[in-house]
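Heads up: the structure comes next, in structure tokens.
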Amino acid sequence: MSFAKMGGGAIDYAPCRYGKSRIAFRGPKKKLEDAYVAFVGGTETYGKFIPTPFVSQVEGSLGIECVNLGCVNAGIDAFLAEPAVLGVTQHADVTVVQIMGAQNMSNRYYKVHPRRNDRFISASQMMQMVFHEVDFSEFHFNRHMLQSLKTVAPERYTMVREELRMAWSARMKLLLNTIGGKVVLLWVADHSPDDEAATTELGRDPLFVDRSMVDELMPLVDDLVEVVVSPNEAEGSTDEMVFSEMEQVAAKRMLGPSVHGQTATALTKVLQGLI
């Protein structure tokens with residue numbers, strides 16, 4: 001693994017914005033004048049700690065401009081709230097949408113930050129009534145809050161999980177219909193959407209999303225690319241990543257360069273038939 005010293009040797013993400021977007025994306029900024037492929041997604045699409053993320057690798061393979069609209073820890077809400085970003089996708093030749101977790105979006109139980117979707121903002125009155133013994137002022141992140149609910153009241157916690165699953169399906173359909181045009185869904189994770197244990201527990205993203213939820217979206221897209229990482233690949237995923245010693249814990253939770261290479265190869269094959 002690589003450690004980039006604080007203040008020197010770190011990756012230059014060249015942050016940029018498109019139109020009036022409030023979110024800064026990974027650059028370099030694209031001109032959007034000719035044909036291009038847009039990539040919408042979370043941390044994996046952004047390529048946190050990855051020198052050459054799969055978006056850049058696909059661009060090199062296809063020879064067509066690829067716009068990285070990945071946002072670290074993003075949920076669906078981050079993109080639906082950005083008309084400028086949706087405009088970029090609507091004018092793309094193809095848009096790749098990474099399947100993101102269901103926990104990072106506002107719903108009937110709790111509200112998340114509009115751009116930093118992993119941040120917990122507040123619990124609704126319904127949430128406070130259902131979990132009357134919980135002090136929600138203690139939480140800053142959705143996953144921490146959900147883990148606490150599961151510990152305190154596992155049966156009532158399942159109500160929140162099911163709400164998130166339903167909200168995710170509705171929000172994804174809205175996103176896909178808004179983008180329009182040619183769309184490819186991307187599943188990249190250390191488990192398959194068929195893995196029932198992984199899709200119901202508080203593990204790695206995409207949290208709570210299973211095969212039935214993905215299947216509901218298939219009439220709205222042109223293809224689905226699945227990249228499932230083996231346990232050995234997940235354990236060695238920090239090889240060739242660039243991060244500081246302070247970022248080591250965060251880096252270990254992410255999928256590394258070898259997975260980005262696999263993803264780029266799989267996406268390139270599909271995109272060649274759509275462009």
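Residue numbers start at 1 in each chain; chains themselves are named A, B, ... in the order of the structure tokens; ligands are numbered from 1 in the order shown.
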
Dump as JSON lines the rows for residues of range 72-149 of chain A within 12 Å of range 222-246 of chain A: closest atom pair and distance in Å with one decimal, only C-alpha atoms counted, ordered by chain and rising residue number.
{"residue": "A:Val94", "atom": "CA", "partner": "A:Asp222", "partner_atom": "CA", "distance": 9.5}
{"residue": "A:Thr95", "atom": "CA", "partner": "A:Asp222", "partner_atom": "CA", "distance": 10.1}
{"residue": "A:Val96", "atom": "CA", "partner": "A:Leu224", "partner_atom": "CA", "distance": 9.4}
{"residue": "A:Val97", "atom": "CA", "partner": "A:Leu224", "partner_atom": "CA", "distance": 9.6}
{"residue": "A:Gln98", "atom": "CA", "partner": "A:Val225", "partner_atom": "CA", "distance": 9.4}
{"residue": "A:Ile99", "atom": "CA", "partner": "A:Glu226", "partner_atom": "CA", "distance": 10.0}

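Looking only at range 103-213 of chain A, the set that DSSP places in strand (DSSP E or B) from backbone geometry is Tyr110, Lys111, Val112, Arg119, Phe120, Ile121, Ser122, Ala123, Phe141, Val183, Val184, Leu185, Leu186, Trp187, Val188 and Ala189 of chain A.
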
Checklist line | 8 Å contact set for Phe54 in chain A, only C-alpha atoms, chain neighbours under 6 positions out, as a VMD selection string | finding: chain A and resid 45 47 260 to 261 263 to 264

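Shell of Gln125 in chain A at 8 Å, with only C-alpha atoms counted and residues fewer than 3 places along the chain excluded, is Tyr109, Gln128 and Met129 of chain A.
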
Counting only C-alpha atoms, what are the residues of range 32-140 of chain A within 12 Å of range 172-185 of chain A, and for each of them which pair of atoms is the nearest and at what distance in Å, to one decimal? Sort the table by chain and rising number, as a Markdown table.
| residue | atom | partner | partner_atom | distance |
| --- | --- | --- | --- | --- |
| A:Tyr36 | CA | A:Lys182 | CA | 12.0 |
| A:Val37 | CA | A:Val183 | CA | 9.8 |
| A:Ala38 | CA | A:Val183 | CA | 9.5 |
| A:Phe39 | CA | A:Val184 | CA | 9.4 |
| A:Val40 | CA | A:Leu185 | CA | 9.7 |
| A:Gly41 | CA | A:Leu185 | CA | 10.1 |
| A:Gly75 | CA | A:Met172 | CA | 10.1 |
| A:Ile76 | CA | A:Met172 | CA | 7.0 |
| A:Asp77 | CA | A:Leu175 | CA | 9.1 |
| A:Ala78 | CA | A:Leu175 | CA | 10.7 |
| A:Phe79 | CA | A:Leu175 | CA | 8.0 |
| A:Leu80 | CA | A:Leu175 | CA | 6.5 |
| A:Ala81 | CA | A:Leu175 | CA | 10.3 |
| A:Glu82 | CA | A:Leu175 | CA | 11.2 |
| A:Pro83 | CA | A:Thr178 | CA | 10.0 |
| A:Ala84 | CA | A:Ile179 | CA | 11.7 |
| A:Val85 | CA | A:Ile179 | CA | 9.8 |
| A:Leu86 | CA | A:Ile179 | CA | 6.3 |
| A:Gly87 | CA | A:Ile179 | CA | 7.9 |
| A:Val88 | CA | A:Ile179 | CA | 9.0 |
| A:Thr89 | CA | A:Ile179 | CA | 5.9 |
| A:Gln90 | CA | A:Ile179 | CA | 5.1 |
| A:His91 | CA | A:Gly181 | CA | 8.4 |
| A:Ala92 | CA | A:Gly181 | CA | 8.0 |
| A:Asp93 | CA | A:Lys182 | CA | 6.9 |
| A:Val94 | CA | A:Lys182 | CA | 4.9 |
| A:Thr95 | CA | A:Val183 | CA | 4.8 |
| A:Val96 | CA | A:Val184 | CA | 4.7 |
| A:Val97 | CA | A:Leu185 | CA | 5.0 |
| A:Gln98 | CA | A:Leu185 | CA | 5.9 |
| A:Ile99 | CA | A:Leu185 | CA | 6.7 |
| A:Met100 | CA | A:Met172 | CA | 9.5 |
| A:Gly101 | CA | A:Met172 | CA | 10.8 |
| A:Ala102 | CA | A:Met172 | CA | 9.9 |
| A:Met105 | CA | A:Met172 | CA | 11.1 |

Open item on the list: So that I can check the surroundings of Glu44 in chain A, please list as a PyMOL selection string every protein, DNA and RNA residue that reaches within 10 Å of it, counting only C-alpha atoms and ignoring chain neighbours fewer than 5 positions away.
Closed with: chain A and resi 49-50+53-55+70-73+98+100+188-189+254-256+259-260

### Message
Can you tell me which residues surround His132 in chain A at a distance of at most 12 Å, considering only C-alpha atoms, apart from same-chain residues fewer than 5 positions away, and format the answer as a VMD selection string?
### Response
chain A and resid 123 to 127 149 152 to 153 156

Store the residues picked out above, limited to N, CA and C atoms, as a JSON list (two decimals), in the first residue's frame.
[["chain", "number", "residue", "atom", "x", "y", "z"],
["A", 123, "ALA", "N", -34.19, 13.47, 12.91],
["A", 123, "ALA", "CA", -35.19, 12.41, 12.89],
["A", 123, "ALA", "C", -36.57, 13.04, 12.78],
["A", 124, "SER", "N", -37.46, 12.39, 12.04],
["A", 124, "SER", "CA", -38.82, 12.90, 11.91],
["A", 124, "SER", "C", -39.59, 12.61, 13.20],
["A", 125, "GLN", "N", -40.76, 13.21, 13.32],
["A", 125, "GLN", "CA", -41.59, 12.95, 14.49],
["A", 125, "GLN", "C", -41.95, 11.47, 14.57],
["A", 126, "MET", "N", -42.22, 10.87, 13.41],
["A", 126, "MET", "CA", -42.54, 9.45, 13.39],
["A", 126, "MET", "C", -41.39, 8.62, 13.93],
["A", 127, "MET", "N", -40.16, 8.96, 13.52],
["A", 127, "MET", "CA", -38.99, 8.24, 13.99],
["A", 127, "MET", "C", -38.85, 8.38, 15.51],
["A", 149, "LEU", "N", -29.88, 1.84, 16.17],
["A", 149, "LEU", "CA", -31.29, 1.43, 16.17],
["A", 149, "LEU", "C", -31.40, -0.10, 16.13],
["A", 152, "VAL", "N", -30.59, -1.38, 19.66],
["A", 152, "VAL", "CA", -31.59, -1.04, 20.68],
["A", 152, "VAL", "C", -32.92, -1.76, 20.43],
["A", 153, "ALA", "N", -33.36, -1.76, 19.19],
["A", 153, "ALA", "CA", -34.68, -2.33, 18.87],
["A", 153, "ALA", "C", -34.66, -2.99, 17.51],
["A", 156, "ARG", "N", -38.04, -3.12, 15.43],
["A", 156, "ARG", "CA", -38.47, -1.81, 14.91],
["A", 156, "ARG", "C", -37.49, -1.29, 13.87]]

Quick one: pick out all alpha helix (DSSP H) residues within range 142-261 of chain A from a backbone DSSP run and write them as a VMD selection string. chain A and resid 142 to 152 154 to 179 196 to 200 211 to 217 231 to 235 248 to 252 257 to 261

All residues 6 Å or closer to Phe141 in chain A, only C-alpha atoms, same chain fewer than 3 positions away omitted, as a PyMOL selection string: chain A and resi 118-120+144
